[in-house]
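Engineer: Pasting a structure below so you can have a look.
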Amino acid sequence: MSATPADASQGGSIDHVLTEDRLFPPSAEFTKNAVISTQDQYEQLYAAARDTPDDFWRDQANEHLHWFEPFSEVCQWEAPDAKWFVGGKTNACYNCVDAHVEAGRGDKTAIIWEGEPGDKRTLSYRELQTEVAKCAEAYQQLGVGLGDVVSIYMPMTPELAIAMLACARIGAIHSVIFAGFSAESIADRNNDASAKLMITSDGLNRRGKVLPLKQTVDEALDKSTTVEKCLVLRRTGGDDTPMTEGRDVWWHDVVDTQPGVLPATPLESETPLFILYTSGSTGKPKGILHTTAGYNLWARRTFEWVFDHRDDDIYWCTADCGWITGHSYIVYGPMTAGATCLMYEGAPNHPAEDRFWDLVEKYKVTILYTAPTAVRAFIKWGDEHVDKHDLSSLRLLGSVGEGINPEAWMWYHEKIGGGKCPIVDTWWQTETGGIMMSPLPGITPTKPGSCTKPLPGVIPKIVDEIGNEVDSEHGGKLCISQPWPGMLRGIWGDPKRFVDQYFSDVPGQYLTGDNARRDSDGYYWIMGRIDDVINVSGHRLSTIEVESALVSHPDVCEAAVVGRPDDLKGQAIAAFVTTTNREVNDEFLKELKQHVRKQIGALAQPDDIRFTSALPKTRSGKIMRRLLRDVAAGRELAGDTSTLEDLASIASLQEKD
Ligand code: ATP
Ligand code: MG
């Protein structure tokens, strides 16, 4: 990292102050066997998807999805409405499960599962097919069919994936709610989606304790006006699960007793597949709608390209199925590709901080996909937990959810990847359905902190406030200018918000809500959310760059940076920092300010730095800067806080005021 002078910006573009010079090309050995192994191959795919999208996606869809009836048209696009593979019939559950059994691969392991207490299960694709069919049969018995919404609030057990796939099998729409949300949040989502069936379990194992999920669901169901039945999996045991007669039924009574023979229903390409409420880093949760064929194809192809999938891989995505990452890269992407997926139920630090590394060693995981928040936690917990284990099975690492600070990237690369595994820093959103920008591990030399280049079919544009393309060295708003198969099809029940939020700034283009810049090598750098930009004396700065400068100090674990009102400069920079074991005093404070000044210049030096034991995060682990803005300004917290992971962290920051 080195300092570059910040230029005064024009027309709403973003100044960039952090320069990253390190470059990590893939090893010759990795490249030799890679799915995409030459730059030419990528460029041809990219050009074909950009210049002749209909031909490109026609071939992709015919080759990589099963069609009960062929489609007649590839894409109908009239912004904001996209229809893909019009006239065709397919089924995402069939593509994920039955297709492998039909092709003679039924004995391949689909899911390797480990519960937090250490219990284990594996399911072959054939076994999965039977389980999914049983669950779909139970849905029908409970009166659920095509177009009905099923809310799923469950621990990370195989049944969670089974419940999702069983919806897809009959054309019901799943809405998975992360099993950490409150009764209020569940009821809001149930009512917004008019859910008919709710699925949960008696309890959930978390850090050695049992959380009574069913009790939370009962509270939610008191306020859910449309839910008729509740299906309950016995996971944690005990006799004290309250069951309401006429509404609640046990999984072992109604699912396990079915014959398990129901075939997948051929469904129109645009049949809704799921609704997923976004994590709410920026405001009121919104129900993002994805449909069957386009999403399924996008999840599969991006999985195969980015994770360089091979038949003998043991692939582990550590996300929860409650997030889009779990939908696309635990269930639909890897399973359509016929991968073997590890699924883990519990916390990364139970019974000890080496649980992940224990799992990697035990199951010989080859591909690991996790989030920067986890990487930062591992760094804080100390290298000794990693050093206890043999991680040599790993060949590829992935990151998703937030920008990864270059120093955290370096630790991941060296400590977990042994310096030999490529890292794919994948930029995408709930709305995009799948990965949009990422290195291709066999060919892309990586730069710590950059998601590098767009995948085939993704045409990014960087624009200023009024929608004109900006000089790429400056950052601006990131838009996507052509439709892609995995794009969202709407916000459930709110067509106006759909247009306002994503399609109003630049006519016909999808507005991501993030800022980005493109460097002279054509690499993209996500600069954070548009709402998070800090304006210091007319210089617009990205939060992630200042945060990365702070995190590059050896005694800093995590940093969040926001703007607070300042009479002189418009905004001043306020930083919130968690440290390793270093004593917090004035000397450290000065040293940190100096450090940032040296790394990225005086302009970006924080005016205030506050030390804290934890930063406020969404339940998916993302730093919630909008709340910190209120804290920094000494204001009441505004907006929705229902998706906040730990209210105590923000309360303790407010008390310090
Ligand atoms: P909401 O839209 O409700 O505020 P959210 O944006 O946090 O919630 P997601 O769709 O899960 O919900 O997250 C997508 C966002 O996460 C992106 O817009 C971006 O800001 C951030 N993000 C994801 N991956 C990366 C990455 N690799 N680098 C930088 N930022 C990333
Ligand atoms: Mg978002």
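Convention: chains lettered A, B, ... in structure tokens order; per-chain residue numbering from 1; ligands numbered from 1 as shown.
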List every residue of segment 300-536 of chain A that DSSP, applied to the backbone of this structure, assigns to alpha helix (DSSP H), and report them as number ranges by chain.

Structural biologist: A: 300-306, 324-326, 333-336, 355-363, 372-381, 384-387, 406-411, 495-502

Engineer: Mind checking which residues fall within 10 Å of His327 of chain A, counting only C-alpha atoms, ignoring those fewer than 4 positions away in the same chain, and posting them as number ranges by chain?

Structural biologist: A: 161, 164, 176, 274, 276, 299, 319-323, 331-334, 430, 433-434

Engineer: Could you give me, as JSON lines, a per-residue list for chain A showing, wherever an atom lies at most 8 Å from an atom of ligand 1, the closest pair of atoms and their distance in Å to one decimal, using only C-alpha atoms and all ligand atoms and sorting by chain then residue number from low to high?

Structural biologist:
{"residue": "A:Tyr277", "atom": "CA", "partner": "ligand 1", "partner_atom_place_in_ligand_line": "3 (O)", "distance": 7.4}
{"residue": "A:Thr278", "atom": "CA", "partner": "ligand 1", "partner_atom_place_in_ligand_line": "3 (O)", "distance": 4.2}
{"residue": "A:Ser279", "atom": "CA", "partner": "ligand 1", "partner_atom_place_in_ligand_line": "8 (O)", "distance": 4.3}
{"residue": "A:Gly280", "atom": "CA", "partner": "ligand 1", "partner_atom_place_in_ligand_line": "3 (O)", "distance": 3.1}
{"residue": "A:Ser281", "atom": "CA", "partner": "ligand 1", "partner_atom_place_in_ligand_line": "4 (O)", "distance": 3.6}
{"residue": "A:Thr282", "atom": "CA", "partner": "ligand 1", "partner_atom_place_in_ligand_line": "4 (O)", "distance": 3.6}
{"residue": "A:Gly283", "atom": "CA", "partner": "ligand 1", "partner_atom_place_in_ligand_line": "4 (O)", "distance": 5.7}
{"residue": "A:Lys284", "atom": "CA", "partner": "ligand 1", "partner_atom_place_in_ligand_line": "3 (O)", "distance": 6.8}
{"residue": "A:Pro285", "atom": "CA", "partner": "ligand 1", "partner_atom_place_in_ligand_line": "3 (O)", "distance": 5.3}
{"residue": "A:Lys286", "atom": "CA", "partner": "ligand 1", "partner_atom_place_in_ligand_line": "3 (O)", "distance": 6.6}
{"residue": "A:Trp323", "atom": "CA", "partner": "ligand 1", "partner_atom_place_in_ligand_line": "11 (O)", "distance": 6.7}
{"residue": "A:Ile324", "atom": "CA", "partner": "ligand 1", "partner_atom_place_in_ligand_line": "11 (O)", "distance": 6.5}
{"residue": "A:Thr325", "atom": "CA", "partner": "ligand 1", "partner_atom_place_in_ligand_line": "11 (O)", "distance": 7.7}
{"residue": "A:Ser399", "atom": "CA", "partner": "ligand 1", "partner_atom_place_in_ligand_line": "27 (N)", "distance": 6.3}
{"residue": "A:Val400", "atom": "CA", "partner": "ligand 1", "partner_atom_place_in_ligand_line": "24 (N)", "distance": 4.6}
{"residue": "A:Gly401", "atom": "CA", "partner": "ligand 1", "partner_atom_place_in_ligand_line": "23 (C)", "distance": 3.6}
{"residue": "A:Glu402", "atom": "CA", "partner": "ligand 1", "partner_atom_place_in_ligand_line": "31 (C)", "distance": 3.7}
{"residue": "A:Gly403", "atom": "CA", "partner": "ligand 1", "partner_atom_place_in_ligand_line": "29 (C)", "distance": 3.3}
{"residue": "A:Ile404", "atom": "CA", "partner": "ligand 1", "partner_atom_place_in_ligand_line": "28 (N)", "distance": 6.4}
{"residue": "A:Asp425", "atom": "CA", "partner": "ligand 1", "partner_atom_place_in_ligand_line": "27 (N)", "distance": 5.1}
{"residue": "A:Thr426", "atom": "CA", "partner": "ligand 1", "partner_atom_place_in_ligand_line": "27 (N)", "distance": 4.3}
{"residue": "A:Trp427", "atom": "CA", "partner": "ligand 1", "partner_atom_place_in_ligand_line": "27 (N)", "distance": 3.6}
{"residue": "A:Trp428", "atom": "CA", "partner": "ligand 1", "partner_atom_place_in_ligand_line": "24 (N)", "distance": 5.2}
{"residue": "A:Gln429", "atom": "CA", "partner": "ligand 1", "partner_atom_place_in_ligand_line": "10 (O)", "distance": 3.7}
{"residue": "A:Thr430", "atom": "CA", "partner": "ligand 1", "partner_atom_place_in_ligand_line": "10 (O)", "distance": 3.6}
{"residue": "A:Glu431", "atom": "CA", "partner": "ligand 1", "partner_atom_place_in_ligand_line": "10 (O)", "distance": 6.2}
{"residue": "A:Ser438", "atom": "CA", "partner": "ligand 1", "partner_atom_place_in_ligand_line": "27 (N)", "distance": 7.9}
{"residue": "A:Gly449", "atom": "CA", "partner": "ligand 1", "partner_atom_place_in_ligand_line": "28 (N)", "distance": 7.7}
{"residue": "A:Ser450", "atom": "CA", "partner": "ligand 1", "partner_atom_place_in_ligand_line": "28 (N)", "distance": 7.6}
{"residue": "A:Cys451", "atom": "CA", "partner": "ligand 1", "partner_atom_place_in_ligand_line": "27 (N)", "distance": 6.0}
{"residue": "A:Thr512", "atom": "CA", "partner": "ligand 1", "partner_atom_place_in_ligand_line": "18 (O)", "distance": 6.4}
{"residue": "A:Gly513", "atom": "CA", "partner": "ligand 1", "partner_atom_place_in_ligand_line": "18 (O)", "distance": 6.2}
{"residue": "A:Asp514", "atom": "CA", "partner": "ligand 1", "partner_atom_place_in_ligand_line": "18 (O)", "distance": 5.5}
{"residue": "A:Trp525", "atom": "CA", "partner": "ligand 1", "partner_atom_place_in_ligand_line": "28 (N)", "distance": 7.8}
{"residue": "A:Ile526", "atom": "CA", "partner": "ligand 1", "partner_atom_place_in_ligand_line": "29 (C)", "distance": 5.2}
{"residue": "A:Met527", "atom": "CA", "partner": "ligand 1", "partner_atom_place_in_ligand_line": "29 (C)", "distance": 7.2}
{"residue": "A:Gly528", "atom": "CA", "partner": "ligand 1", "partner_atom_place_in_ligand_line": "20 (O)", "distance": 5.5}
{"residue": "A:Arg529", "atom": "CA", "partner": "ligand 1", "partner_atom_place_in_ligand_line": "20 (O)", "distance": 5.3}
{"residue": "A:Thr618", "atom": "CA", "partner": "ligand 1", "partner_atom_place_in_ligand_line": "7 (O)", "distance": 7.7}
{"residue": "A:Ser620", "atom": "CA", "partner": "ligand 1", "partner_atom_place_in_ligand_line": "11 (O)", "distance": 7.7}
{"residue": "A:Lys622", "atom": "CA", "partner": "ligand 1", "partner_atom_place_in_ligand_line": "7 (O)", "distance": 6.7}

Engineer: Extract, using only C-alpha atoms, all DNA, RNA and protein residues at most 10 Å from segment 54-67 of chain A, discarding same-chain residues fewer than 2 positions from it, and format them as a short mmCIF file (atom, residue, chain, number, x, y, z; two decimals) with all heavy atoms, in the first residue's frame.

Structural biologist:
data_model
loop_
_atom_site.label_atom_id
_atom_site.label_comp_id
_atom_site.auth_asym_id
_atom_site.auth_seq_id
_atom_site.Cartn_x
_atom_site.Cartn_y
_atom_site.Cartn_z
N LEU A 45 -15.56 -15.70 -24.16
CA LEU A 45 -16.85 -15.84 -23.46
C LEU A 45 -17.44 -14.46 -23.19
O LEU A 45 -18.63 -14.22 -23.41
CB LEU A 45 -16.66 -16.55 -22.11
CG LEU A 45 -16.42 -18.05 -22.11
CD1 LEU A 45 -16.05 -18.54 -20.71
CD2 LEU A 45 -17.67 -18.80 -22.59
N TYR A 46 -16.58 -13.55 -22.73
CA TYR A 46 -17.06 -12.22 -22.36
C TYR A 46 -17.62 -11.49 -23.58
O TYR A 46 -18.71 -10.91 -23.52
CB TYR A 46 -15.94 -11.41 -21.69
CG TYR A 46 -16.49 -10.16 -21.04
CD1 TYR A 46 -17.07 -10.22 -19.78
CD2 TYR A 46 -16.48 -8.94 -21.71
CE1 TYR A 46 -17.63 -9.10 -19.19
CE2 TYR A 46 -17.03 -7.81 -21.13
CZ TYR A 46 -17.61 -7.90 -19.87
OH TYR A 46 -18.17 -6.78 -19.29
N ALA A 47 -16.87 -11.54 -24.67
CA ALA A 47 -17.30 -10.84 -25.89
C ALA A 47 -18.59 -11.45 -26.44
O ALA A 47 -19.50 -10.73 -26.86
CB ALA A 47 -16.18 -10.89 -26.94
N ALA A 48 -18.69 -12.78 -26.39
CA ALA A 48 -19.89 -13.43 -26.92
C ALA A 48 -21.11 -13.04 -26.11
O ALA A 48 -22.18 -12.73 -26.65
CB ALA A 48 -19.70 -14.95 -26.92
N ALA A 49 -20.97 -13.03 -24.78
CA ALA A 49 -22.12 -12.69 -23.92
C ALA A 49 -22.50 -11.22 -24.08
O ALA A 49 -23.67 -10.86 -23.96
CB ALA A 49 -21.79 -12.99 -22.46
N ARG A 50 -21.51 -10.38 -24.37
CA ARG A 50 -21.79 -8.94 -24.53
C ARG A 50 -22.38 -8.64 -25.90
O ARG A 50 -23.37 -7.92 -26.02
CB ARG A 50 -20.49 -8.14 -24.33
CG ARG A 50 -20.67 -6.62 -24.45
CD ARG A 50 -19.32 -5.93 -24.54
NE ARG A 50 -18.55 -6.47 -25.64
CZ ARG A 50 -17.21 -6.56 -25.67
NH1 ARG A 50 -16.49 -6.12 -24.66
NH2 ARG A 50 -16.60 -7.07 -26.70
N ASP A 51 -21.80 -9.24 -26.94
CA ASP A 51 -22.15 -8.83 -28.31
C ASP A 51 -23.32 -9.63 -28.90
O ASP A 51 -24.08 -9.10 -29.70
CB ASP A 51 -20.92 -8.95 -29.21
CG ASP A 51 -19.77 -8.12 -28.68
OD1 ASP A 51 -20.04 -7.14 -27.94
OD2 ASP A 51 -18.59 -8.45 -28.95
N THR A 52 -23.39 -10.89 -28.55
CA THR A 52 -24.49 -11.73 -29.07
C THR A 52 -25.15 -12.47 -27.90
O THR A 52 -25.08 -13.70 -27.82
CB THR A 52 -23.97 -12.74 -30.11
OG1 THR A 52 -22.83 -13.41 -29.56
CG2 THR A 52 -23.59 -12.07 -31.41
N GLU A 69 -39.78 -28.60 -21.71
CA GLU A 69 -40.22 -28.04 -23.00
C GLU A 69 -39.24 -26.95 -23.37
O GLU A 69 -38.85 -26.16 -22.52
CB GLU A 69 -41.63 -27.44 -22.86
CG GLU A 69 -42.71 -28.49 -22.94
CD GLU A 69 -44.10 -27.91 -22.72
OE1 GLU A 69 -44.35 -26.77 -23.15
OE2 GLU A 69 -44.91 -28.62 -22.11
N PRO A 70 -38.84 -26.91 -24.64
CA PRO A 70 -37.82 -25.92 -25.04
C PRO A 70 -38.39 -24.49 -24.99
O PRO A 70 -39.58 -24.29 -25.15
CB PRO A 70 -37.48 -26.31 -26.46
CG PRO A 70 -38.63 -27.10 -26.96
CD PRO A 70 -39.27 -27.75 -25.76
N PHE A 71 -37.50 -23.53 -24.78
CA PHE A 71 -37.95 -22.12 -24.80
C PHE A 71 -37.91 -21.62 -26.24
O PHE A 71 -37.16 -22.15 -27.08
CB PHE A 71 -37.08 -21.26 -23.88
CG PHE A 71 -35.60 -21.38 -24.11
CD1 PHE A 71 -34.94 -20.57 -25.02
CD2 PHE A 71 -34.85 -22.33 -23.40
CE1 PHE A 71 -33.57 -20.68 -25.22
CE2 PHE A 71 -33.47 -22.45 -23.60
CZ PHE A 71 -32.84 -21.62 -24.51
N SER A 72 -38.74 -20.60 -26.50
CA SER A 72 -38.80 -20.09 -27.87
C SER A 72 -38.07 -18.76 -28.00
O SER A 72 -37.68 -18.36 -29.09
CB SER A 72 -40.26 -19.91 -28.29
OG SER A 72 -40.96 -19.18 -27.30
N GLU A 73 -37.90 -18.06 -26.88
CA GLU A 73 -37.23 -16.77 -26.94
C GLU A 73 -36.25 -16.66 -25.78
O GLU A 73 -36.57 -17.10 -24.66
CB GLU A 73 -38.30 -15.67 -26.83
CG GLU A 73 -37.87 -14.35 -27.42
CD GLU A 73 -38.97 -13.30 -27.30
OE1 GLU A 73 -40.15 -13.67 -27.14
OE2 GLU A 73 -38.63 -12.12 -27.35
N VAL A 74 -35.06 -16.11 -26.03
CA VAL A 74 -34.05 -16.09 -24.97
C VAL A 74 -34.35 -15.02 -23.93
O VAL A 74 -34.38 -15.29 -22.73
CB VAL A 74 -32.63 -15.89 -25.56
CG1 VAL A 74 -31.59 -15.80 -24.45
CG2 VAL A 74 -32.31 -17.05 -26.49
N CYS A 75 -34.55 -13.79 -24.37
CA CYS A 75 -34.74 -12.72 -23.39
C CYS A 75 -35.69 -11.65 -23.93
O CYS A 75 -35.52 -11.18 -25.06
CB CYS A 75 -33.38 -12.10 -23.06
SG CYS A 75 -33.47 -10.72 -21.90
N TRP A 84 -36.72 -14.29 -19.13
CA TRP A 84 -35.69 -15.12 -19.77
C TRP A 84 -36.26 -16.49 -20.13
O TRP A 84 -37.04 -17.06 -19.37
CB TRP A 84 -34.50 -15.28 -18.82
CG TRP A 84 -33.62 -14.06 -18.77
CD1 TRP A 84 -33.81 -12.96 -17.99
CD2 TRP A 84 -32.45 -13.83 -19.55
NE1 TRP A 84 -32.81 -12.05 -18.24
CE2 TRP A 84 -31.96 -12.55 -19.18
CE3 TRP A 84 -31.75 -14.55 -20.52
CZ2 TRP A 84 -30.81 -11.98 -19.75
CZ3 TRP A 84 -30.60 -14.00 -21.08
CH2 TRP A 84 -30.14 -12.74 -20.70
N PHE A 85 -35.81 -16.98 -21.27
CA PHE A 85 -36.13 -18.34 -21.72
C PHE A 85 -37.65 -18.55 -21.80
O PHE A 85 -38.21 -19.52 -21.28
CB PHE A 85 -35.42 -19.37 -20.82
CG PHE A 85 -33.96 -19.05 -20.64
CD1 PHE A 85 -33.41 -18.76 -19.39
CD2 PHE A 85 -33.13 -18.96 -21.75
CE1 PHE A 85 -32.07 -18.42 -19.25
CE2 PHE A 85 -31.78 -18.62 -21.62
CZ PHE A 85 -31.25 -18.35 -20.37
N GLY A 88 -40.31 -21.79 -22.31
CA GLY A 88 -39.72 -23.07 -21.90
C GLY A 88 -40.23 -23.53 -20.54
O GLY A 88 -40.79 -22.75 -19.78
N LYS A 89 -40.06 -24.82 -20.28
CA LYS A 89 -40.40 -25.35 -18.96
C LYS A 89 -39.22 -26.13 -18.38
O LYS A 89 -38.64 -27.00 -19.06
CB LYS A 89 -41.62 -26.27 -19.05
CG LYS A 89 -42.91 -25.47 -19.22
CD LYS A 89 -44.14 -26.32 -19.05
CE LYS A 89 -45.37 -25.43 -19.14
NZ LYS A 89 -46.61 -26.20 -19.16
N THR A 90 -38.87 -25.80 -17.14
CA THR A 90 -37.79 -26.50 -16.46
C THR A 90 -38.19 -26.62 -14.99
O THR A 90 -39.33 -26.32 -14.63
CB THR A 90 -36.45 -25.75 -16.65
OG1 THR A 90 -35.40 -26.49 -16.01
CG2 THR A 90 -36.47 -24.34 -16.07
N ASN A 91 -37.27 -27.09 -14.15
CA ASN A 91 -37.55 -27.17 -12.71
C ASN A 91 -36.21 -27.13 -11.98
O ASN A 91 -35.33 -27.97 -12.23
CB ASN A 91 -38.32 -28.45 -12.39
CG ASN A 91 -38.70 -28.53 -10.92
OD1 ASN A 91 -37.82 -28.64 -10.07
ND2 ASN A 91 -39.98 -28.45 -10.63
N ALA A 92 -36.05 -26.17 -11.09
CA ALA A 92 -34.76 -26.00 -10.41
C ALA A 92 -34.43 -27.19 -9.52
O ALA A 92 -33.27 -27.58 -9.39
CB ALA A 92 -34.77 -24.70 -9.58
N TYR A 94 -35.37 -30.29 -10.09
CA TYR A 94 -34.95 -31.35 -11.01
C TYR A 94 -33.49 -31.15 -11.40
O TYR A 94 -32.68 -32.09 -11.38
CB TYR A 94 -35.84 -31.36 -12.26
CG TYR A 94 -35.52 -32.50 -13.19
CD1 TYR A 94 -36.23 -33.69 -13.13
CD2 TYR A 94 -34.47 -32.40 -14.12
CE1 TYR A 94 -35.91 -34.77 -13.95
CE2 TYR A 94 -34.14 -33.47 -14.94
CZ TYR A 94 -34.86 -34.65 -14.86
OH TYR A 94 -34.53 -35.71 -15.67
N ASN A 95 -33.15 -29.91 -11.74
CA ASN A 95 -31.77 -29.63 -12.16
C ASN A 95 -30.76 -29.90 -11.04
O ASN A 95 -29.64 -30.32 -11.29
CB ASN A 95 -31.64 -28.18 -12.62
CG ASN A 95 -32.45 -27.92 -13.88
OD1 ASN A 95 -32.53 -28.77 -14.77
ND2 ASN A 95 -33.08 -26.75 -13.96
N CYS A 96 -31.18 -29.63 -9.80
CA CYS A 96 -30.28 -29.80 -8.65
C CYS A 96 -30.15 -31.26 -8.23
O CYS A 96 -29.13 -31.65 -7.65
CB CYS A 96 -30.81 -29.03 -7.43
SG CYS A 96 -30.58 -27.26 -7.54
N ASP A 98 -32.65 -34.49 -9.43
CA ASP A 98 -33.04 -35.60 -10.30
C ASP A 98 -32.10 -35.77 -11.49
O ASP A 98 -31.81 -36.90 -11.91
CB ASP A 98 -34.47 -35.38 -10.83
CG ASP A 98 -35.46 -35.18 -9.70
OD1 ASP A 98 -35.34 -34.15 -8.99
OD2 ASP A 98 -36.33 -36.02 -9.50
N ALA A 99 -31.64 -34.64 -12.03
CA ALA A 99 -30.78 -34.71 -13.22
C ALA A 99 -29.56 -35.59 -12.95
O ALA A 99 -29.13 -36.34 -13.83
CB ALA A 99 -30.35 -33.30 -13.63
N PRO A 266 -42.96 -29.73 -14.28
CA PRO A 266 -42.41 -28.82 -15.29
C PRO A 266 -43.00 -27.42 -15.09
O PRO A 266 -44.22 -27.28 -15.02
CB PRO A 266 -42.89 -29.42 -16.62
CG PRO A 266 -43.21 -30.86 -16.29
CD PRO A 266 -43.71 -30.85 -14.88
N LEU A 267 -42.14 -26.41 -14.95
CA LEU A 267 -42.61 -25.06 -14.63
C LEU A 267 -42.14 -24.06 -15.68
O LEU A 267 -41.01 -24.16 -16.17
CB LEU A 267 -42.06 -24.63 -13.26
CG LEU A 267 -42.51 -25.45 -12.05
CD1 LEU A 267 -41.67 -25.09 -10.83
CD2 LEU A 267 -43.99 -25.23 -11.77
N SER A 269 -40.48 -20.91 -17.24
CA SER A 269 -39.18 -20.34 -16.85
C SER A 269 -39.29 -19.24 -15.80
O SER A 269 -38.47 -19.14 -14.90
CB SER A 269 -38.49 -19.75 -18.08
OG SER A 269 -38.16 -20.77 -18.97
N ALA A 293 -35.75 -20.22 -14.16
CA ALA A 293 -34.72 -20.66 -15.11
C ALA A 293 -33.48 -19.76 -15.13
O ALA A 293 -32.35 -20.24 -15.04
CB ALA A 293 -35.32 -20.76 -16.52
N GLY A 294 -33.70 -18.45 -15.26
CA GLY A 294 -32.56 -17.54 -15.36
C GLY A 294 -31.70 -17.59 -14.12
O GLY A 294 -30.47 -17.71 -14.20
N ASN A 296 -31.47 -20.01 -11.94
CA ASN A 296 -30.84 -21.32 -11.81
C ASN A 296 -29.60 -21.43 -12.71
O ASN A 296 -28.54 -21.92 -12.29
CB ASN A 296 -31.86 -22.41 -12.17
CG ASN A 296 -31.47 -23.80 -11.73
OD1 ASN A 296 -32.19 -24.75 -11.93
ND2 ASN A 296 -30.30 -23.95 -11.13
N LEU A 297 -29.73 -20.92 -13.92
CA LEU A 297 -28.59 -20.97 -14.84
C LEU A 297 -27.44 -20.09 -14.35
O LEU A 297 -26.28 -20.48 -14.37
CB LEU A 297 -29.05 -20.51 -16.23
CG LEU A 297 -27.97 -20.54 -17.32
CD1 LEU A 297 -27.51 -21.97 -17.59
CD2 LEU A 297 -28.48 -19.90 -18.63
N TRP A 298 -27.81 -18.90 -13.87
CA TRP A 298 -26.78 -17.97 -13.39
C TRP A 298 -26.03 -18.56 -12.19
O TRP A 298 -24.80 -18.50 -12.11
CB TRP A 298 -27.45 -16.63 -13.03
CG TRP A 298 -26.48 -15.54 -12.75
CD1 TRP A 298 -26.26 -14.93 -11.55
CD2 TRP A 298 -25.60 -14.88 -13.69
NE1 TRP A 298 -25.30 -13.95 -11.68
CE2 TRP A 298 -24.88 -13.90 -12.97
CE3 TRP A 298 -25.35 -15.05 -15.05
CZ2 TRP A 298 -23.93 -13.08 -13.58
CZ3 TRP A 298 -24.40 -14.24 -15.65
CH2 TRP A 298 -23.71 -13.27 -14.92
N ARG A 300 -25.64 -21.68 -11.42
CA ARG A 300 -24.78 -22.79 -11.85
C ARG A 300 -23.51 -22.32 -12.55
O ARG A 300 -22.40 -22.74 -12.22
CB ARG A 300 -25.56 -23.72 -12.80
CG ARG A 300 -24.65 -24.78 -13.36
CD ARG A 300 -25.26 -25.79 -14.28
NE ARG A 300 -24.22 -26.78 -14.55
CZ ARG A 300 -24.44 -27.98 -15.02
NH1 ARG A 300 -25.65 -28.36 -15.30
NH2 ARG A 300 -23.43 -28.80 -15.23
N ARG A 301 -23.68 -21.46 -13.56
CA ARG A 301 -22.51 -21.09 -14.36
C ARG A 301 -21.51 -20.27 -13.55
O ARG A 301 -20.31 -20.46 -13.66
CB ARG A 301 -22.93 -20.34 -15.63
CG ARG A 301 -23.73 -21.18 -16.60
CD ARG A 301 -23.05 -22.50 -16.92
NE ARG A 301 -21.94 -22.35 -17.84
CZ ARG A 301 -20.82 -23.09 -17.82
NH1 ARG A 301 -20.67 -24.02 -16.90
NH2 ARG A 301 -19.87 -22.91 -18.71
N THR A 336 -26.82 -27.85 -8.78
CA THR A 336 -27.05 -28.01 -10.22
C THR A 336 -25.77 -28.50 -10.90
O THR A 336 -25.82 -29.26 -11.86
CB THR A 336 -27.55 -26.70 -10.86
OG1 THR A 336 -28.67 -26.23 -10.11
CG2 THR A 336 -28.00 -26.90 -12.29
N ALA A 337 -24.64 -28.09 -10.34
CA ALA A 337 -23.36 -28.54 -10.91
C ALA A 337 -22.97 -29.94 -10.41
O ALA A 337 -21.96 -30.49 -10.81
CB ALA A 337 -22.27 -27.53 -10.56
N PRO A 456 -18.71 -13.13 -17.62
CA PRO A 456 -19.42 -13.03 -18.89
C PRO A 456 -20.89 -12.71 -18.66
O PRO A 456 -21.54 -13.33 -17.81
CB PRO A 456 -19.26 -14.44 -19.48
CG PRO A 456 -18.00 -14.97 -18.87
CD PRO A 456 -17.94 -14.38 -17.49
N GLY A 457 -21.40 -11.73 -19.39
CA GLY A 457 -22.80 -11.34 -19.23
C GLY A 457 -22.99 -10.11 -18.36
O GLY A 457 -24.08 -9.58 -18.28
N TRP A 484 -29.07 -9.61 -17.19
CA TRP A 484 -28.39 -10.90 -17.09
C TRP A 484 -29.39 -11.89 -16.49
O TRP A 484 -30.34 -11.46 -15.81
CB TRP A 484 -27.10 -10.78 -16.26
CG TRP A 484 -27.33 -10.47 -14.81
CD1 TRP A 484 -27.31 -11.33 -13.76
CD2 TRP A 484 -27.65 -9.17 -14.24
NE1 TRP A 484 -27.60 -10.66 -12.59
CE2 TRP A 484 -27.81 -9.35 -12.85
CE3 TRP A 484 -27.83 -7.89 -14.77
CZ2 TRP A 484 -28.14 -8.31 -11.99
CZ3 TRP A 484 -28.16 -6.85 -13.92
CH2 TRP A 484 -28.30 -7.06 -12.54
N PRO A 485 -29.23 -13.18 -16.77
CA PRO A 485 -30.30 -14.13 -16.41
C PRO A 485 -30.66 -14.15 -14.93
O PRO A 485 -31.81 -14.38 -14.58
CB PRO A 485 -29.71 -15.49 -16.84
CG PRO A 485 -28.69 -15.18 -17.86
CD PRO A 485 -28.14 -13.82 -17.54
#

Engineer: I want to know what sits within 9 Å of Ala136 of chain A, based on only C-alpha atoms, with residues of the same chain fewer than 4 positions away left out; could you give that as a PyMOL selection string?

Structural biologist: chain A and resi 131-132+140-141+144+163+165-170+255+260+262

Engineer: If you measure from atom CA of Ser393 of chain A to atom CA of Ile111 of chain A, what distance in Å do you get, rounded to one decimal?

Structural biologist: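 Computed distance, atom CA of Ser393 of chain A to atom CA of Ile111 of chain A, equals 18.2 Å.
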